[in-house]
Structures are given as C-alpha cells and as structure tokens.
Amino acid sequence: MAFDPATDYPLGARRPDLVETPSGVPLEEVTLAAARAGTLTAADVRATPVTLRRQAAVARAAGRAQLADNLERAAELASVPDDELLEIYTALRPGRSSAAQLEERAARLDELDAAKTAAFVREAAAAYRERGLLAG
Amino acid sequence: MPGRSSDRFASRAEKELRRELLVSPVPELGLVAANGPNDPDPELVVEGGVVTRLDGRAAAEFDVIDRFLVAHGLDLGIAVEAMGRSDLAIARMLVDVDVPREELVRLARGLTPAKLARVVGLLDPVELMFALKKLRARRAPGNQAHVTNLKESPALLAADAAEASARGFAELETTVGVARYAPLNAIALLVGSQTGRPGVMTQCAVEERRNLELAIRGLVTYAETLSVYGTEPVFVDGDDTPWSKAFLGAAYASRGVKVRFTSGTGSEALMGYAQGMSMLYLEARCISVVRAAGAQGVQNGSISCVALVLSVPGGTRAILAENVIAAWLDLEVASGNDAISSHSAIRKTAKLMGQFLPGTDFVTSGYSVMPRRDNTFGGGNYDADDLDEWLTIQRDWQVDAGIEPVAEDEVTRVRDRAARAIQAVFDELGLPPVSDAEVEAATYGYDSDDMPDRDRAADVEAADRALERQVSGLDVALALDRRGFADIAEAIVDMQRQRVSADYLQTSAVIDPDGLVRSAVNDPNEYLGPGTGYRLEGARWELLQALPHVADARQLGAGDQGGAPVVAAVGQASRGDDPLEVVIAVGPAFADGIRETISGLGHRDVLAAIVDGVQDAGAAARIVRVRRSADVAFIAHDGARLSGSGIALGIQSKGTAVIHRADLQPLDNLELFGMSPLYTLDSYRAMGRNAAGYALGKRVGPVPTELDNFARAKLIVRTTLLHARETQAVVPGAAPVELALARSAVS
C-alpha cells in the first residue's frame, strides 16, 4: 500500500511496514531481543532519509510548509558525517566564512545530493553579503 | 506631623515583593512591554511577487532577520488577504469561538511581525487566555520538568527523573555544571525517566557538538537550546544568524532530535540592542524567525529575562501575548514559568495563571521537581516544595496543568528503583560505583546535601571514556537487561525505536506510555467553545482531584462516639423558679453523638468547666438539652426561657457558645463566643462565671476573646461536618430535656 501523508501518521503505529533502519532492519525488529542477539547496532538505530522525507510530507499535508522544508533539509543531512555537519554550522555563523567558502560548502552539499540545503547556504551567503556578515 | 513616615509603608517595604525593582518605561532602551515608540506600523508591499517593503523598511534596508522572513516566513499567497484585514477584525477572530484554529493559523502565514504584535496588543488578559486556549497546537496540555542537582549525583538525577515521569511530566530536561558530565547526566535521566514512565522524552542542555553526540548515541531525544533574537546586533552577538540556527535545527532533526527553539521578551533589552522597539514587537520577530526556520516549536514566555519584563508596566500581559503569537504561528509552546519571576509568591502565581488556566503544550519550560537550590538552570520558579500547591490549584480550578498526584509510597518506590537501576548501569558499564548509601539518600533524602560525596574527578574521567567508547542507549538497555531490569530495558529500546520512525519530529509531539506518539497531527486541539476540545473530566479529573493529602470527609465526620456516657436524660425540662440559676443549654448532639469540640476539648470537661465557673460566681447550674434546633442562638434562647434567672449559656457541640437572656430576641445576645477553635477550658469557665454574673445582676466585663482570622480557613470543613451531625440530631418540635452529669463524668 502506498504511503499517504494525510492518514499514515504516526508511521510507527500506522505504517510500521514502511519504516526501517539505515541497514534495512524493519521497525518491528528494533527490539530488546534483537539487541541481545547482537543483530542491532546503536549506529543503525536512527531515521533514514526516506523516513525523514515521509515526515516532511506529513508536515506538508498538515499545512506546515516551513517544518516540511526543515525536515527535507534534515533528510538531506542524514547522510552527512557528524563532523561535517558541525563544520557547516560553524561556517554559517556570522563572520566565519567568505562568500567563496560558503559557495564551497554549497557545492559539497550538492555533491552529497543535498540540493535544498545547498540552496539554503547560498541564500545565506547572499544575505550575509548585504549585511556585512561575511568573513574579512 | 510632617516628615513622619508611615509604619504601614515601612511594613510593606519589608515584603518579599519589594526585593525586586519596578521601573518606569525607557522606550529608547527597549524597556517597554508593548507599543514602543519605534515599533513600525504593519506593512507589506509585494511587487511582482517580490517583497519590497516590510514593517517600515524598504528592501535595501532589510536586516538579516527581515531577509530570512521574506525568504521563508511569509506565504505571499495569503499575505495580501491577511494584511488587508483590520487589526481589530483579526483580533476579534482570535476570540470568536466560531472561528476555528485552522483558519487563524492560515491567516497567520501571511502576517508580518508588526501586524502580529499589533493584533494581540488589542486583546486584554482574559481575551489573550481565551485565544491561547484556542490556539494551542496539541489537544491536551502538558508539562516539562527540570532535573538537576548541585553534586551531579547520578542516583539523585535518576530518582528525580523517575519521580517526574511518574508525576506525568512529558519531557525532562537536565544540564551540567561541568560540561564533561554530560553523558553521565544524560544516562541517569534516560534510565530514571523510563523507570518512572515509559515514553517520557529527555534532553541534556549542553553545547551543540556534545548535544548532537548524545543524540546520535540515543541518550537524549530532544533539544531546546537554539536561541533566536529580535534584532540583528543581538542575533550576531549571540554568534548566530537565522540561517545558522535554522541549519542547526535541521542538523538535529537529521539525527532524530525533536527541536524547540528558545526566545523570549526582554533579551534584546538585556543585551543592549533593542533599537528602541518594544519587547512584544521584537518577540513577534523572534517567533516569526522560529516558524520560518521550520522548528516545530518554541520555548517562549520571556524565559530567563522574565524578571526584567515584569519590571515594566504590562510585562505579565506582554509575556502572555508572546505565548499567543507562538501558538498562533502553529508552534508547540513551552511557556516559560521556569526562571524565578518574582520574590512574591502572590505575584508570580498571578503571572502563572495566564498559562496555567488556558493550558499550553508545556505549562512550564521546566518545573523543578527537586528543591530549587539544586536547580542548576537558575530556575525553580516552582519546585518540589510547591508541588502540593500546584496540585491543589489544579484541583481548585478543575484544570489540567500537567502534573499528577502520586502517593508517597509510590514515589519512594520509583525513586528507589531508578536509583538501583542507575547503580546497576554504572556497574555494568564500568563507571564509578554508585553506593547503597547513595541509593538510599536519593530515595528518601531532601536534596543533594543529603547525598554522599562522590569522587568527581573519577566521574568526569569516566564520562570522557563513556563518550570515547560511544556508550549508547542500546548499551544502557542491555546493561539493565543483564541486571534484571528488563522492563526499563524494554522502555529504553522503545525510545530507540521512536528515533527510527521519527514521528516525534512533528509539532507538539509527546509519547504515551504505550509508545503512541501524540502530536498536533494526530491529536490536534479542535477547541470550539463549551462542549469541545480538551476538558478535564472523567478518569483524569478523578485522578487530579485525589491528592494524597485529601481527607475522607466521611471519616472526619464520624467522630468518637464510644466511651462512657457523659450525661443522662432525666425527663422533660421545665421552667425553673430559682432566680439564682443559670441554664446550660447544649445542642442536640452534645456529649452524645459528638463528644468533643472542634478544638478537641472533651464535652465532659467543657461541661464541668462551665458548671465550675457558674458555681464559682455564686449561681446554680442546671443542664438542659435543646433538641428542636442546632442553631446556637435558639439553643441559648430556649435555655434562657427555661432559666429561673432568665439567663442561659447555650453551647453547640463544636464549642460555639452564647450567653442569652429570655427577654431578648433570639438572634440578639449578651455575649457571643464564636471562635470555638481558640477556647480552652479556662475560657469555658470564664463564660460560666460571666453567665452567673448576669444572673446575679452584677457588673460583668465581657470574657476576653482572641481573634484568629485563619481559624475559618483552617477549620471550616470540620465545622461543617460537625454541624452537619448536630443538625442530623435535631428532632423538630421536640421539647427540651433535663440532663444530669453521668456519675462517671463527675470527677
């Protein structure tokens, strides 16, 4: 059955069949027994980009466009390494980056299939330029 | 006498309230609650699909906040319609019971900050409360707890977290005094929370990198440390921009963390760049940024600056107004009331009612479940010692403000279990041991002063190693499982499973004990007036009224009817002819169905004291029981009409007495002794002497009586119950009965 963002929330209760961990463990197998058996690892217990996109769709169907945009950025960032995530955050802080450095970040995000976040970074760079918030 | 100061002014100056400063507004410094002279008129000009003017500024002058709002914060498809409506028309819609939340939220997508501030500025406090009740995102209100202690004791953190969860808090927040403690505190909170009630979400407020790390390990599930500000200089001084904060929000969400931003009136003034604009207008900008950033919610309601906002006129109202704007922008609201808002209990509770009565997603951003001296957030506006008051106020108003009563033995049970669970986890994970003495002190003690000291150097070292070893929520669950805490282990794995489905990233999400996520998506507030929306009734209302310190009225009223008889009836009472006699007229249940006064004096002793007093003054005492009335005036007056002297002392079972004379109207009297709780046997002896004095025609000075204006509050329930039993003993139309003190009563 296809996913319907207007009726399938909460996914955990209504559509557990659609939810799995990044390595493909079905939601219903995220159990204490699996942890005991060692078939479940801590690194694998997290939402996939697909799940985050579905949550974005749920938010959009509920009329929350900005929350949906945010969850779509989250879906893109799910596969960005932790350190890089914090580096991008720091780069976006005031006075930290030149326009070129922000463009580098955006290009890298494009490579990671994070187009929406890349556009977000470029948008920030444009605003920072107008407001003197770039480095230097 | 000119120059002399008033003792009453001096007395008031010493009160708690006066420890804080009230100031007249200084608009240029932002010390003005609402309608600042520099607040712009609402304005939105769109040319060719591009915003060219926003709230008094042309595009070229847009600051970083304006630019962010233009890019993400306004739905231009709605803006023309929404901005075209008059302030008053929209304000009236906010309190129109027939305009659904949905429609108001739709309009808000097209409103600028100035318009939002202007519209809520038209509402008075009761209208604001009504609007807030209507606009709350989730159906049922809830509450959030602070769980910290000065010693960062893991056993105490776990025990407090368990108690908080058992009391119904949906989210628990801890922090660290020493940053390196973060993983240990997060683990203690996770274990404690799931011991008290499965599904409770936890956070550990620390710096971003550490916070993300804790989240990635599954040790915390939410964060609310993302602050935003209403002017560009303050935002930049906070080392952020709307874009950096929004990015961080998405980063958290990507790791399965529920995120709430933080904002609140007063921060811009405190940080020196309010730009002459009012607190409420700047807050409208903040909340607009929060919504534009795509956060699901906001911790909002002045938060740490609350005392500054309360220093200016209209401060309390402005804080309520900002809560309304946040809910109107369709955000989850954790509505402050965590930082201490006033030294005055009266004043701070008056402020609380703005959120308490309408109900918000989290009525406080942190109720201190431990005594406030252990609150390392600088919070503790309401703390462990205030719980009974909070619960009683919920019961008084029939309002659910998110805290449940729990019996003492259940509280100590969950505290003990949580402390033992964290003891086991520390042992299993090779962390410094938690002693049995710590478990006991955490279970039964008052605060961290009662906790044995730990080797703090060893704790922080162990915390560092725990992070290096990447100790995870699953590791904690497995440790508990190995040590026989399978149910807590299951609950922690369930929290890990929630991270996989990510349902709690939706607006206003909380998790039921059975794991069902409730948010504004599947459990929205659909309040449309009486008969709709969340109402405290049924089983929940039964629960919230059954406080541990509530007495059983039927038990209280039963009294002690055992023991030897005090008086014996010796036939119908007749009118006496001894001019020196005083009749002691007792109520229908006196010394019979009821055996003592409200102050606990035995009726036998009371009668003996009165007789003693009467005889001591040289008169004779005769005792009768009036059966036709329980009213002290009629008891006494009936007695006076039987008295040979025309004088009687009437007394009800609860101890209220009157000296009466036959020729007076029943509701008149010679002396009334209405403060029965204050009387001693000496008082009754004095009443007997005075009654005799009237009978003998002597000059009588009234019996000195004391006044305790609290006696009524303290005893009115017992009075009512005692009096109910007196009236039940009334026999309509029955004649008075002559009584003799029973033999055993004569001592």
# chains A, B, ... in the order shown; residues from 1 in each chain; ligands from 1

$ interface_residues --of "chain B" --to "chain A" --cutoff "8 Å" --atoms "only C-alpha atoms" --output "VMD selection string"
chain B and resid 63 to 64 67 72 to 73 209 216 to 218 236 239 to 241 243 to 244 246 to 256 291 to 296 472 to 475 477 to 478 489 to 490 493 to 494 496 to 503 505 to 506 516 to 517 521 to 522

$ residues_around --residues "B:Ser302" --least-positions-apart "5" --cutoff "8 Å" --atoms "only C-alpha atoms" --output "VMD selection string"
chain B and resid 263 to 267 309 319 336

$ write_last_selection --atoms "C-alpha atoms" --output "PDB file, in the first residue's frame"
ATOM      1  CA  SER B 263      13.106  33.030  22.517  1.00  0.00           C
ATOM      2  CA  GLY B 264      11.529  35.449  24.879  1.00  0.00           C
ATOM      3  CA  THR B 265      10.746  39.066  25.561  1.00  0.00           C
ATOM      4  CA  GLY B 266      13.400  41.151  27.200  1.00  0.00           C
ATOM      5  CA  SER B 267      16.529  39.515  25.795  1.00  0.00           C
ATOM      6  CA  VAL B 309       9.897  42.127  31.598  1.00  0.00           C
ATOM      7  CA  ILE B 319       4.529  37.600  28.081  1.00  0.00           C
ATOM      8  CA  GLY B 336       8.239  29.743  30.455  1.00  0.00           C
TER       9      GLY B 336
END

$ closest_residue --among "B:Arg554, B:Glu102, B:Val191, B:Ser683" --to "B:Asp481" --atoms "only C-alpha atoms"
B:Val191

$ select_by_dssp --residues "stretch 8-65 of chain A" --states "alpha helix (DSSP H)" --output "list in words"
Leu11, Gly12, Ala13, Arg14, Leu32, Ala33, Ala34, Ala35, Arg36, Ala37, Pro49, Val50, Thr51, Leu52, Arg53, Arg54, Gln55, Ala56, Ala57, Val58, Ala59, Arg60, Ala61 and Ala65 of chain A

$ residues_around --residues "B:Glu738" --least-positions-apart "5" --cutoff "6 Å" --atoms "only C-alpha atoms" --output "PyMOL selection string"
chain B and resi 569-573+624

$ closest_residue --among "B:Ile635, B:Ala350, B:Ala640, B:Ala591" --to "B:Pro565" --atoms "only C-alpha atoms"
B:Ala591

$ closest_residue --among "A:Met1, A:Ala135, A:Val50, A:Ala37" --to "A:Ala100" --atoms "only C-alpha atoms"
A:Ala135
